[in-house]
Each structure stands twice: as structure tokens, then as C-alpha cells.
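Peer 1: My structure is below; once you've seen it, I'll send some questions.
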There are 2 protein chains.
Amino acid sequence: MVTLEDVAKQAGVSLATASRVLNGSTRQVGATLRARVERAADELGYRANIAAQTLARGASNVIGIVVHDLTDPYFAALADGAMRAAATEGLLVMVGTTHRDPEQEIAYVATMNAQRVRAVLLAGSRVADPVVTGRLREELARYREGGGRAACVGQDLLGVDTVAPANRAGAAALARALAGLGHTRFAVLAGPPQLVTAADRCKGFAEALRGLGLPEPVVVHGAFDRDGGYRAATEIGDATCVFAVNDVMAVGALAACRERGIRVPEDVSVAGFDDIVTLRDHVPALTTVRLPLKDMGARALELALGGADVTAAPVVEHVAGEVVLRESVRRMA
Amino acid sequence: MVTLEDVAKQAGVSLATASRVLNGSTRQVGATLRARVERAADELGYRANIAAQTLARGASNVIGIVVHDLTDPYFAALADGAMRAAATEGLLVMVGTTHRDPEQEIAYVATMNAQRVRAVLLAGSRVADPVVTGRLREELARYREGGGRAACVGQDLLGVDTVAPANRAGAAALARALAGLGHTRFAVLAGPPQLVTAADRCKGFAEALRGLGLPEPVVVHGAFDRDGGYRAATEIGDATCVFAVNDVMAVGALAACRERGIRVPEDVSVAGFDDIVTLRDHVPALTTVRLPLKDMGARALELALGGADVTAAPVVEHVAGEVVLRESVRRMA
DNA sequence: GCAGACTTGGAAACCGCTTTCCGGGAGGTC
DNA sequence: GACCTCCCGGAAAGCGGTTTCCAAGTCTGC
């Protein structure tokens, strides 16, 4: 590989000068030398060694983002938002996928720390395990002590800047909207009990029903994905309205209904959460709670990068969800 | 940040020994010292500085992958496959999204080169612009001269190892299957003419029709995304069967039909390409050509990493698509 | 014409780690 | 016991940049 020294030699200048010309310095370099250096670099096809730059500068130009699964449109949208924001700052993005393994998440924080990334973004639901969470916090603390910045999309459990979707409030609003349609017997496809996002949505929904004096919903736990929704949908009892705690599960539930000859919304109403863009053309159109996922991802990155004052209390931004009623629910007679 | 030197000092050993203990060396270190070093590292919370390691070792443990858009499930699946493969090799992944800007793609290759990533994966369609392609090839050549490895998912136009989906053959097979159902008047929602993937699929489809002695299809160009399909769907003339060159466009077309009261498949049959997993529950179920996207991503990474012989001719692996007939098409009377 | 302020180029220290090369001690052989 | 290995620890030379510190001009203003 051609190094800066090669360029300097070819241009007949010192290393220092070559560095100043090519890799953005505050120092001025005369037009003649500047041209010579640029020409040499071009001829030689010089590409700065970023590892060396990072080492010398003590700061890298990459950020890390840790998600569960890129093929889940929820995380893809979050990641996309964050990546666009990163790109405008000229930052590169290193992505880690955990596939919902909390150990992986911790490991990634350590790795990102080793990479000395400028900031790390943790996107995705926490699990309700204080031990695991504790270890994650520890690893994060270690990272931040070294000057790293961190932010999180999801529950405010990590002591870092957080973009927190209003899962509870959103689910509650949805419950009220659904109740407003005349439904009284509900089921919740609740996802795994340890997953905080899922649990919060479930809780918010149930609380709202309680507040309205309606009966408790049937709660069916299962996986947080399409198949989880599909399976859970078979156990909804005599509910007239089922709330799947995310859109992907709702789509699974819809599929299950279809296969079993249950019409939606005529026989049962179905609602989800997130308003996944890729699913907007689903038939029947899914009632859901819209979350501005891209913005949330972008905002989280801003938070991580912003605020020079590391010692300040972490800022938590709550983002509201908007209930979107579509064809998958119907008004009861 | 705590450095290796701090650890060495605390453990009362030399830098060399500490390095050997902590960062995988072939050299043995005695049990006593080894324990001392590990203890010190743990107490101090040492995290190796990967930039320094990369510099010293002359090789990094990250790979780069360049895609158009992570929120497009096609690329998400490809990326996911590649990332899983990378993870099993203990490699980190740097992701760049170009949003279909070829300049961005070239820029990313340069950047990845600067990062000295072990390999870069270019996923996504080439554009039919020899100038741009030439510059990309140049940039790739530069990278590979420096020892970088590269692979590509898509058309074999870059002179690197390639996983090439059989776009033409797949579309042709689809055309024959559709013709076998009795259709004779076709339309193709063809995407942008410069996009090679789109063009190949369109061409393969038309050729097959020609081979069957059927009339030329109506070809409607447009964007390669959902909205492109949506818009193009309004110009299909009197076709009884429309082929959207990818699933996402097909979904857009389906939406357009629905809004205009055109029943699918009763009034018109619709087919796509890719068999996007997220769309499998779409109603009506989409007829399509299945591509093993995750495997393709993984395979491309293997290709990039494998084959020690850089000078060998690039290997091109063709991967076939499988026609999957579903509800969105019907047999003509 | 000259002191003082500015500008610009270069030498060299340093960033944190890997690894080569050396040397000393332990263990084996005859 | 002498000689050879083998094993393991440390000193130090890089890896490819950045940046500080100097020194030598180049301008100003008087």
C-alpha cells in the first residue's frame, strides 16, 4: 500500500507537509507544495490509513449501532434513520446484530469500545433481567469513562440518553380507540413476558381497558415475530378484538385468521403497533400505532453525538405514538 | 483510556508479555504471569485499542458492505446473510448505504479502502453507465492492489467474485409459467431502464414471450420501488397479466389495482420477483420468483474472504430463481 | 533599513499495539 | 558436568499517521 511517506517523497516534501495537505489540518500550505503533494497523491493512488489516523488523532469517525435483526423492518427503519444522520456528519457506521441475545449486546458494546467508536446506539427492547441489564450498564459505563458516547432507543433503563417510544401510552390510546368502536372482549398477543417493549404495550393496553371498566383481556404470550403472532392467534378465545403488540405479529395473526376462515374485521378486529412502512399495503390494512421510526433513529444519533457535557443527567425524549385506524378493525353493532 | 502499558505496569510485566496474554499470540506465557496480566486487565477494565492493533498487525477484522437501502427488504436480507457469515468468522461489519447513487458507491469503496477493511461486498444492481462502472472498477482495482478482497451480488460487471442471480432466466421461467396459464397479453412494470437488474428481468421476460410466439408485452418504466409499481400499474393497457420486476413494485401495483377496483387475480394477474419474506403474508399472495437472498449474501462474503489466489480469474456463481405460483395469478378460461 | 509579527516547511515525538530478536534459565542427553 | 535445546520474558523497532516545536523566510510599520 502506498503510504503518506511515499507521497511525501514523490512530492519532495516532508511527511508533515504531506499530512497537512491531504488530511485536513488547520495549517496552511503554500500553493506550489500543495499542488505537488496533491498530484503525487493522485498519481500514486494514495488512500489514508484510517487506523493510523484514528490512532494518531485519538478519535475515530465511526459510530456503532446495535440492533436485534436487520430483516425486521422495525430495526431496519431505526438503523436507516440513524445511518442517514450519521452520513450527514460524515461518519461511518458499524452495525452489530444480536438476534435478541443480550450477551451479544454486551459483547458488542465491548467491541465497539475496543473500536473506539465515537458513539454507540443501542436500539431495541431491553429484557427484564436485572443481572443482564446491570452488566450491560457496566460495560456502557466503562465505555463512557473512556470518552465514548451512547444513546438508546427504547426503555430508559441504561442511564444513557434515550429516545423512548410511548409504548404504554400508545397502547392505551389504541385500547380506548378500540373500545370506542364498541369492543369489549379483547385479547392481547403479548410477545415474550421478559421483553420490556412487549410488556409495556401489553400493560398499557390492559390498564386502559381497566380504566374504562372493561373486562381484562386474554393475554397470550409468544415470540415477538410473525410466527409468534401466527401461533398466538389460535388462542384468543371469544375476543372480538385482538391487539398484537407489534405489526409483524399482527400480520402473522391475520394470516392465521385467514387460514382458519375467520374474517377480519367482520369476525374479529386486529390491531398492531409500529406502523411498519413495508406493511402499509397489507390487506386488510392494519390498524396500528404509528411510531416515527426513522426520526427516532436519527434523533438518537443526534443525542449520542450532541451534548458536550457528559456528566449531565441523561436526557430522555419521549415520542408519542399516533393511533391509526384502518380496515382491520370494525365498529361493533 | 487504560492502555496495554498500564496493564503491563500494574501486572509488573513487560508490554510484550501483556500483549501476548491478552491479544492472542502464538507464543506461550507462563501461568503465573498470565494470571497476573489477566487480573490486572480485568481490574483496570482494559479494552484493546483496535485501531492500534490494526495498524500494528496490518490487517483489520472488519468487512464492508455497501447496499442501496437497508429498509428495502431485498437488501436487508442480503445484508443479514452476509452479516451472519461475517459474525461466524468473528468479523465486524461496516455498512454503507448509497440510496442508489453510484457516486456514493464509488466513494464508499474508497472509504472502505481507507479503513483497510478485509473485504468489501457490493450488493445491488449496477447501472448501465460505462463511465461510472469504469470508475468503480478503478477504485476497486486500487483497493485490491492493496490486498483488499471484494465480491459483488448482482451482475458480473466488476471483475470481482460475483454471486449472480439468474434474473433473465428466472423472468423467462416466470413468463413461461404465466403463459402456461393461458395469458397472452402481458405488461411489464420494468423499473428504470438504466438499472441492469430491472432491465435483465424485463428482457428475460420479453424474450421468453417472443420464444412462445406471443405478442410483445407493454413495458412501463418507473421507479424500482413500491411507488414506482403503484404508478406504473395505471398504464398497463389491456394486459391480463402484469409482471413487476420486483416484489415491492408488485405490492405497489396491487395497491393501485385495489384502489381502482380492479380485482386480482380475477381481472388481472400480477407477479413479482424476489420472494421477499416480509411480503409472504400479502393478500392476495404474490406469485414471484424466489431468490435465496440470505444465502446469496452469505455466499458472497465467503467468496470475498475465500480463495487465497487473488490473481485467479474471478469466480461467478449463478444462482437460480424458483418460480412460485400463488394467488395473485389465475388461469385464463 | 530594521525590529517584530506572521507565515510556512521540516524534524521528531508520540498514539497503542505487535513482533522480531536476544538473552537467560530450565531441562535433556551423553 | 559440559553442551544443546527449548521455553519464556523483555527491549525495541516498527505500523502510518498527527502535531508540537523550531527555524527560516516574508511582511509590515516606522
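Letters for chains follow the order of the C-alpha cells (A, B, ...), residue numbers begin at 1 for each chain, and ligand numbers begin at 1 in the order shown.
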As a ChimeraX atom specification, please: the residues near A:Val219 (cut-off 8 Å, only C-alpha atoms (C1' of nucleotides), same-chain neighbours under 5 positions excluded).

Peer 2: /A:187-190,236

Peer 1: Go ahead and write the residues just picked, N, CA and C atoms, as a PDB file, in the first residue's frame.

Peer 2:
```pdb
ATOM      1  N   ALA A 187     -58.292  -9.578  23.277  1.00  0.00           N
ATOM      2  CA  ALA A 187     -57.159 -10.476  23.503  1.00  0.00           C
ATOM      3  C   ALA A 187     -55.895  -9.703  23.154  1.00  0.00           C
ATOM      4  N   VAL A 188     -54.819 -10.021  23.838  1.00  0.00           N
ATOM      5  CA  VAL A 188     -53.538  -9.393  23.524  1.00  0.00           C
ATOM      6  C   VAL A 188     -52.536 -10.483  23.160  1.00  0.00           C
ATOM      7  N   LEU A 189     -51.965 -10.371  21.978  1.00  0.00           N
ATOM      8  CA  LEU A 189     -50.865 -11.256  21.600  1.00  0.00           C
ATOM      9  C   LEU A 189     -49.628 -10.540  22.110  1.00  0.00           C
ATOM     10  N   ALA A 190     -49.134 -11.031  23.238  1.00  0.00           N
ATOM     11  CA  ALA A 190     -48.306 -10.180  24.078  1.00  0.00           C
ATOM     12  C   ALA A 190     -46.806 -10.325  23.899  1.00  0.00           C
ATOM     13  N   ILE A 236     -57.154 -16.995  21.156  1.00  0.00           N
ATOM     14  CA  ILE A 236     -57.720 -15.721  21.588  1.00  0.00           C
ATOM     15  C   ILE A 236     -59.103 -15.856  22.198  1.00  0.00           C
TER      16      ILE A 236
END
```

Peer 1: For a quick test of understanding: name the residues of chain B lying within 8 Å of chain A when counting only C-alpha atoms, and present them as a PyMOL selection string.

Peer 2: chain B and resi 1+45+47-52+54-55+69-71+73+76-77+79-80+83+92-97+110+113-116+142+145-147+251-252+255+278-279+281-283

Peer 1: Extract, using only C-alpha atoms (C1' of nucleotides), all DNA, RNA and protein residues at most 12 Å from stretch 156-160 of chain A, discarding same-chain residues fewer than 2 positions from it, and format them as a ChimeraX atom specification.

Peer 2: /A:119-130,132-141,143-144,148-154,162-167,196-197,300,303-304,307,310-318

Peer 1: Those residues with C-alpha atoms, as an mmCIF file, in the first residue's frame please?

Peer 2:
```
data_model
loop_
_atom_site.group_PDB
_atom_site.id
_atom_site.type_symbol
_atom_site.label_atom_id
_atom_site.label_comp_id
_atom_site.auth_asym_id
_atom_site.auth_seq_id
_atom_site.Cartn_x
_atom_site.Cartn_y
_atom_site.Cartn_z
ATOM 1 C CA ALA A 119 -20.807 6.780 19.773
ATOM 2 C CA VAL A 120 -22.875 3.699 20.106
ATOM 3 C CA LEU A 121 -26.576 3.360 19.610
ATOM 4 C CA LEU A 122 -28.451 0.605 21.313
ATOM 5 C CA ALA A 123 -31.696 0.024 19.512
ATOM 6 C CA GLY A 124 -34.113 -2.478 20.736
ATOM 7 C CA SER A 125 -36.002 -3.654 23.669
ATOM 8 C CA ARG A 126 -34.437 -4.315 26.987
ATOM 9 C CA VAL A 127 -35.092 -7.570 28.721
ATOM 10 C CA ALA A 128 -36.427 -7.591 32.226
ATOM 11 C CA ASP A 129 -33.363 -9.229 33.697
ATOM 12 C CA PRO A 130 -31.622 -7.003 36.232
ATOM 13 C CA VAL A 132 -28.031 -8.761 32.371
ATOM 14 C CA THR A 133 -29.053 -5.135 32.399
ATOM 15 C CA GLY A 134 -26.561 -4.496 35.148
ATOM 16 C CA ARG A 135 -23.743 -5.984 33.156
ATOM 17 C CA LEU A 136 -24.735 -4.012 30.115
ATOM 18 C CA ARG A 137 -24.738 -0.848 32.159
ATOM 19 C CA GLU A 138 -21.318 -1.698 33.477
ATOM 20 C CA GLU A 139 -19.940 -2.227 30.027
ATOM 21 C CA LEU A 140 -21.504 1.018 28.899
ATOM 22 C CA ALA A 141 -20.072 2.836 31.872
ATOM 23 C CA TYR A 143 -17.049 2.769 27.516
ATOM 24 C CA ARG A 144 -18.262 6.155 28.551
ATOM 25 C CA GLY A 148 -17.450 7.221 24.481
ATOM 26 C CA ARG A 149 -20.942 8.481 23.923
ATOM 27 C CA ALA A 150 -24.015 6.318 23.943
ATOM 28 C CA ALA A 151 -27.697 6.524 23.310
ATOM 29 C CA CYS A 152 -30.540 4.127 23.273
ATOM 30 C CA VAL A 153 -33.831 3.716 21.523
ATOM 31 C CA GLY A 154 -36.295 2.058 23.795
ATOM 32 C CA THR A 162 -32.713 7.736 25.330
ATOM 33 C CA VAL A 163 -35.405 8.070 22.741
ATOM 34 C CA ALA A 164 -38.298 6.372 24.407
ATOM 35 C CA PRO A 165 -41.386 5.446 22.439
ATOM 36 C CA ALA A 166 -44.554 5.855 24.428
ATOM 37 C CA ASN A 167 -45.382 2.193 24.362
ATOM 38 C CA VAL A 196 -39.925 -4.802 28.120
ATOM 39 C CA THR A 197 -41.333 -3.248 24.978
ATOM 40 C CA ALA A 300 -30.967 9.008 18.979
ATOM 41 C CA LEU A 303 -28.427 12.759 21.179
ATOM 42 C CA ALA A 304 -25.428 10.484 21.315
ATOM 43 C CA GLY A 307 -24.404 17.449 24.381
ATOM 44 C CA VAL A 310 -21.010 14.045 29.528
ATOM 45 C CA THR A 311 -21.607 14.447 33.218
ATOM 46 C CA ALA A 312 -25.075 15.881 32.755
ATOM 47 C CA ALA A 313 -28.030 13.727 33.548
ATOM 48 C CA PRO A 314 -29.045 11.670 30.554
ATOM 49 C CA VAL A 315 -31.818 13.204 28.518
ATOM 50 C CA VAL A 316 -34.851 11.097 27.821
ATOM 51 C CA GLU A 317 -37.042 12.090 24.931
ATOM 52 C CA HIS A 318 -40.425 10.547 24.838
#
```

Peer 1: Report as a compact mmCIF listing (two decimals) with N, CA and C atoms (P, O5', C5', C4', C3', O3' and C1' of nucleotides), in the first residue's frame all protein, DNA and RNA residues lying within 10 Å of stretch 6-21 of chain D, evaluated on only C-alpha atoms (C1' of nucleotides), omitting residues in the same chain fewer than 4 positions from it.

Peer 2:
```
# COMPACT_ATOMS: atom_id res chain seq x y z
N THR A 3 1.93 4.75 1.17
CA THR A 3 1.77 5.47 2.42
C THR A 3 2.00 6.96 2.21
N LEU A 4 1.72 7.67 3.25
CA LEU A 4 1.90 9.11 3.19
C LEU A 4 3.37 9.44 2.92
N GLU A 5 4.23 8.61 3.45
CA GLU A 5 5.65 8.85 3.25
C GLU A 5 6.01 8.73 1.77
N LEU A 15 6.98 14.70 5.46
CA LEU A 15 5.79 14.00 5.91
C LEU A 15 4.76 14.98 6.45
N ALA A 16 5.24 15.90 7.24
CA ALA A 16 4.33 16.84 7.88
C ALA A 16 3.52 17.61 6.84
N SER A 19 0.96 15.48 5.12
CA SER A 19 -0.16 15.25 6.02
C SER A 19 -1.07 16.46 6.04
N ARG A 20 -0.47 17.62 6.15
CA ARG A 20 -1.28 18.83 6.23
C ARG A 20 -2.10 19.04 4.96
N ASN A 23 -4.77 15.60 4.70
CA ASN A 23 -5.74 15.14 5.69
C ASN A 23 -6.23 16.25 6.60
N SER A 25 -5.92 19.88 7.84
CA SER A 25 -5.30 20.44 9.03
C SER A 25 -5.64 21.92 9.06
N ALA A 48 -5.48 7.32 2.62
CA ALA A 48 -5.05 7.41 4.01
C ALA A 48 -5.39 6.13 4.76
N ASN A 49 -4.55 5.77 5.66
CA ASN A 49 -4.82 4.62 6.52
C ASN A 49 -5.57 5.11 7.75
N ILE A 50 -6.85 4.78 7.77
CA ILE A 50 -7.68 5.35 8.83
C ILE A 50 -7.31 4.80 10.20
N ALA A 51 -6.83 3.59 10.22
CA ALA A 51 -6.42 3.04 11.51
C ALA A 51 -5.31 3.92 12.09
N ALA A 52 -4.38 4.28 11.24
CA ALA A 52 -3.27 5.11 11.71
C ALA A 52 -3.79 6.49 12.12
N GLN A 53 -4.69 7.02 11.34
CA GLN A 53 -5.26 8.33 11.69
C GLN A 53 -5.98 8.27 13.02
N THR A 54 -6.77 7.25 13.16
CA THR A 54 -7.53 7.11 14.39
C THR A 54 -6.59 7.04 15.59
N LEU A 55 -5.55 6.27 15.41
CA LEU A 55 -4.59 6.12 16.49
C LEU A 55 -3.94 7.46 16.81
N ALA A 56 -3.49 8.14 15.78
CA ALA A 56 -2.78 9.38 16.00
C ALA A 56 -3.71 10.47 16.53
N ARG A 57 -4.89 10.52 15.98
CA ARG A 57 -5.81 11.58 16.40
C ARG A 57 -6.49 11.24 17.72
N GLY A 58 -6.51 9.98 18.03
CA GLY A 58 -7.19 9.60 19.26
C GLY A 58 -8.69 9.65 19.14
N VAL B 13 4.85 -6.71 34.42
CA VAL B 13 5.48 -7.46 33.33
C VAL B 13 5.77 -6.50 32.19
N SER B 14 6.37 -7.00 31.15
CA SER B 14 6.67 -6.14 30.02
C SER B 14 5.45 -6.01 29.12
N LEU B 15 5.52 -4.99 28.32
CA LEU B 15 4.47 -4.76 27.33
C LEU B 15 4.26 -6.02 26.48
N ALA B 16 5.37 -6.60 26.07
CA ALA B 16 5.31 -7.75 25.17
C ALA B 16 4.50 -8.88 25.81
N THR B 17 4.79 -9.14 27.03
CA THR B 17 4.10 -10.22 27.72
C THR B 17 2.60 -9.93 27.83
N ARG B 27 2.72 -17.31 20.91
CA ARG B 27 3.68 -17.52 21.98
C ARG B 27 3.01 -17.86 23.29
N GLN B 28 3.65 -18.76 24.01
CA GLN B 28 3.16 -19.14 25.33
C GLN B 28 3.62 -18.14 26.38
N VAL B 29 2.80 -18.02 27.41
CA VAL B 29 3.21 -17.22 28.55
C VAL B 29 2.96 -18.07 29.79
N GLY B 30 3.90 -18.06 30.70
CA GLY B 30 3.79 -18.88 31.91
C GLY B 30 2.52 -18.60 32.69
N LEU B 33 2.50 -15.46 35.28
CA LEU B 33 2.42 -14.15 34.65
C LEU B 33 1.09 -13.97 33.93
N ALA B 52 -5.04 0.65 16.97
CA ALA B 52 -3.62 0.37 17.15
C ALA B 52 -3.30 -1.06 16.71
N GLN B 53 -4.15 -1.98 17.04
CA GLN B 53 -3.94 -3.36 16.63
C GLN B 53 -3.91 -3.48 15.11
N THR B 54 -4.90 -2.85 14.52
CA THR B 54 -5.00 -2.91 13.07
C THR B 54 -3.73 -2.36 12.43
N LEU B 55 -3.30 -1.25 12.97
CA LEU B 55 -2.10 -0.63 12.43
C LEU B 55 -0.90 -1.55 12.60
N ALA B 56 -0.74 -2.07 13.78
CA ALA B 56 0.42 -2.92 14.05
C ALA B 56 0.35 -4.22 13.26
N ARG B 57 -0.82 -4.79 13.22
CA ARG B 57 -0.95 -6.08 12.54
C ARG B 57 -1.01 -5.93 11.02
N GLY B 58 -1.38 -4.74 10.60
CA GLY B 58 -1.51 -4.55 9.16
C GLY B 58 -2.73 -5.20 8.57
P DA C 11 13.40 17.37 7.51
O5' DA C 11 13.74 17.23 9.07
C5' DA C 11 14.17 18.37 9.81
C4' DA C 11 14.24 18.03 11.28
C3' DA C 11 14.45 16.56 11.63
O3' DA C 11 15.18 16.51 12.85
C1' DA C 11 12.32 17.22 12.38
P DA C 12 15.50 15.08 13.50
O5' DA C 12 14.25 14.88 14.49
C5' DA C 12 13.93 15.92 15.42
C4' DA C 12 12.79 15.45 16.32
C3' DA C 12 12.84 13.97 16.71
O3' DA C 12 12.32 13.88 18.01
C1' DA C 12 10.83 14.39 15.67
P DA C 13 12.70 12.71 18.99
O5' DA C 13 11.48 12.76 20.02
C5' DA C 13 11.01 14.03 20.47
C4' DA C 13 9.51 13.93 20.73
C3' DA C 13 9.09 12.65 21.45
O3' DA C 13 8.10 12.98 22.41
C1' DA C 13 7.94 12.82 19.42
P DC C 14 7.74 11.92 23.51
O5' DC C 14 6.32 11.40 23.03
C5' DC C 14 5.34 12.35 22.63
C4' DC C 14 4.25 11.66 21.86
C3' DC C 14 3.87 10.26 22.40
O3' DC C 14 2.51 10.28 22.73
C1' DC C 14 4.06 10.27 20.04
P DC C 15 1.95 9.21 23.82
O5' DC C 15 0.64 8.68 23.11
C5' DC C 15 -0.21 9.54 22.35
C4' DC C 15 -1.01 8.68 21.40
C3' DC C 15 -1.09 7.24 21.84
O3' DC C 15 -2.35 6.99 22.44
C1' DC C 15 -0.53 7.42 19.50
P DC C 17 -3.29 -0.64 23.78
O5' DC C 17 -2.58 -1.67 22.80
C5' DC C 17 -3.21 -1.95 21.56
C4' DC C 17 -2.23 -2.46 20.55
C3' DC C 17 -1.60 -3.80 20.88
O3' DC C 17 -2.11 -4.77 19.98
C1' DC C 17 -0.03 -2.26 19.94
P DT C 18 -1.68 -6.32 20.19
O5' DT C 18 -0.50 -6.43 19.11
C5' DT C 18 -0.81 -6.25 17.75
C4' DT C 18 0.42 -6.54 16.91
C3' DT C 18 0.98 -7.95 17.03
O3' DT C 18 1.37 -8.34 15.72
C1' DT C 18 2.66 -6.39 17.56
P DT C 19 1.62 -9.87 15.38
O5' DT C 19 3.21 -9.91 15.29
C5' DT C 19 3.87 -8.86 14.58
C4' DT C 19 5.35 -8.95 14.83
C3' DT C 19 5.88 -10.35 15.13
O3' DT C 19 7.13 -10.48 14.49
C1' DT C 19 6.55 -8.91 16.84
P DT C 20 7.61 -11.91 13.95
O5' DT C 20 9.13 -11.54 13.59
C5' DT C 20 9.43 -10.23 13.10
C4' DT C 20 10.69 -9.71 13.76
C3' DT C 20 11.78 -10.77 13.92
O3' DT C 20 13.02 -10.23 13.51
C1' DT C 20 11.35 -9.74 15.99
P DC C 21 14.21 -11.28 13.09
O5' DC C 21 15.29 -10.93 14.21
C5' DC C 21 15.42 -9.58 14.65
C4' DC C 21 15.95 -9.53 16.07
C3' DC C 21 16.98 -10.62 16.38
O3' DC C 21 18.14 -10.00 16.89
C1' DC C 21 15.35 -10.50 18.08
P DC C 22 19.52 -10.87 16.96
O5' DC C 22 19.83 -10.71 18.51
C5' DC C 22 18.74 -10.40 19.36
C4' DC C 22 19.18 -10.11 20.76
C3' DC C 22 20.23 -11.06 21.33
O3' DC C 22 20.94 -10.40 22.36
C1' DC C 22 18.10 -11.51 22.31
P DG C 23 22.23 -11.13 22.99
O5' DG C 23 21.71 -11.60 24.41
C5' DG C 23 21.09 -10.66 25.28
C4' DG C 23 20.47 -11.40 26.45
C3' DG C 23 21.39 -12.47 27.05
O3' DG C 23 21.26 -12.42 28.46
C1' DG C 23 19.36 -13.45 26.40
P DG C 24 22.41 -12.99 29.37
O5' DG C 24 21.59 -13.61 30.59
C5' DG C 24 20.37 -13.02 31.01
C4' DG C 24 19.45 -14.12 31.51
C3' DG C 24 20.18 -15.23 32.27
O3' DG C 24 19.40 -15.59 33.39
C1' DG C 24 18.98 -16.16 30.49
P DG C 25 20.07 -16.37 34.61
O5' DG C 25 19.11 -17.64 34.72
C5' DG C 25 17.71 -17.42 34.85
C4' DG C 25 16.98 -18.68 34.45
C3' DG C 25 17.52 -19.95 35.14
O3' DG C 25 16.41 -20.72 35.57
C1' DG C 25 17.47 -20.25 32.80
P DA C 26 16.61 -21.91 36.63
O5' DA C 26 15.73 -23.05 35.95
C5' DA C 26 14.50 -22.68 35.31
C4' DA C 26 14.09 -23.80 34.37
C3' DA C 26 14.36 -25.19 34.92
O3' DA C 26 13.26 -26.03 34.61
C1' DA C 26 15.50 -24.91 32.87
P DG C 27 13.14 -27.49 35.24
O5' DG C 27 13.50 -28.40 33.98
C5' DG C 27 12.81 -28.18 32.76
C4' DG C 27 13.42 -29.06 31.68
C3' DG C 27 13.76 -30.48 32.16
O3' DG C 27 13.31 -31.40 31.16
C1' DG C 27 15.67 -29.47 31.19
P DG C 28 13.34 -32.98 31.41
O5' DG C 28 14.38 -33.41 30.28
C5' DG C 28 14.12 -33.03 28.95
C4' DG C 28 15.32 -33.38 28.10
C3' DG C 28 15.84 -34.80 28.35
O3' DG C 28 15.87 -35.52 27.11
C1' DG C 28 17.62 -33.21 28.46
```

Peer 1: From the set B:Glu43, B:Asp6, B:Asp161, B:Glu327, which residue has the shortest atom-to-atom contact distance to chain C, counting only C-alpha atoms (C1' of nucleotides)?

Peer 2: B:Asp6

Peer 1: Please provide as an MDAnalysis selection string all residues within 6 Å of stretch 287-293 of chain B, with the sequence filter that same-chain residues fewer than 5 positions apart are discarded (counting only C-alpha atoms (C1' of nucleotides)).

Peer 2: chainID B and resid 77:78 271:275 321:326 328

Peer 1: Write a file of the selected residues as a short mmCIF file (atom, residue, chain, number, x, y, z; two decimals), in the first residue's frame, keeping C-alpha atoms.

Peer 2:
```
data_model
loop_
_atom_site.label_atom_id
_atom_site.label_comp_id
_atom_site.auth_asym_id
_atom_site.auth_seq_id
_atom_site.Cartn_x
_atom_site.Cartn_y
_atom_site.Cartn_z
CA ALA B 77 -31.94 -9.89 3.59
CA LEU B 78 -28.71 -9.79 1.63
CA ALA B 271 -46.42 -11.35 -10.43
CA GLY B 272 -43.25 -10.07 -8.84
CA PHE B 273 -39.68 -11.16 -8.35
CA ASP B 274 -37.51 -11.91 -5.26
CA ASP B 275 -40.00 -13.53 -2.90
CA GLY B 321 -34.64 -18.43 -9.11
CA GLU B 322 -37.60 -20.64 -8.46
CA VAL B 323 -40.99 -19.71 -9.81
CA VAL B 324 -43.57 -19.71 -7.07
CA LEU B 325 -47.15 -19.54 -8.25
CA ARG B 326 -49.56 -18.10 -5.74
CA SER B 328 -52.12 -13.30 -7.43
#
```

Peer 1: Residues of chain C within 9 Å of chain A, using only C-alpha atoms (C1' of nucleotides), as a PyMOL selection string?

Peer 2: chain C and resi 7-10+14-16

Peer 1: Using only C-alpha atoms (C1' of nucleotides), find the one residue out of B:Val220, B:Leu174, B:Val264, B:Ala31 that sits nearest to chain D.

Peer 2: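 With only C-alpha atoms (C1' of nucleotides) as the atom set, the closest residue is B:Ala31.
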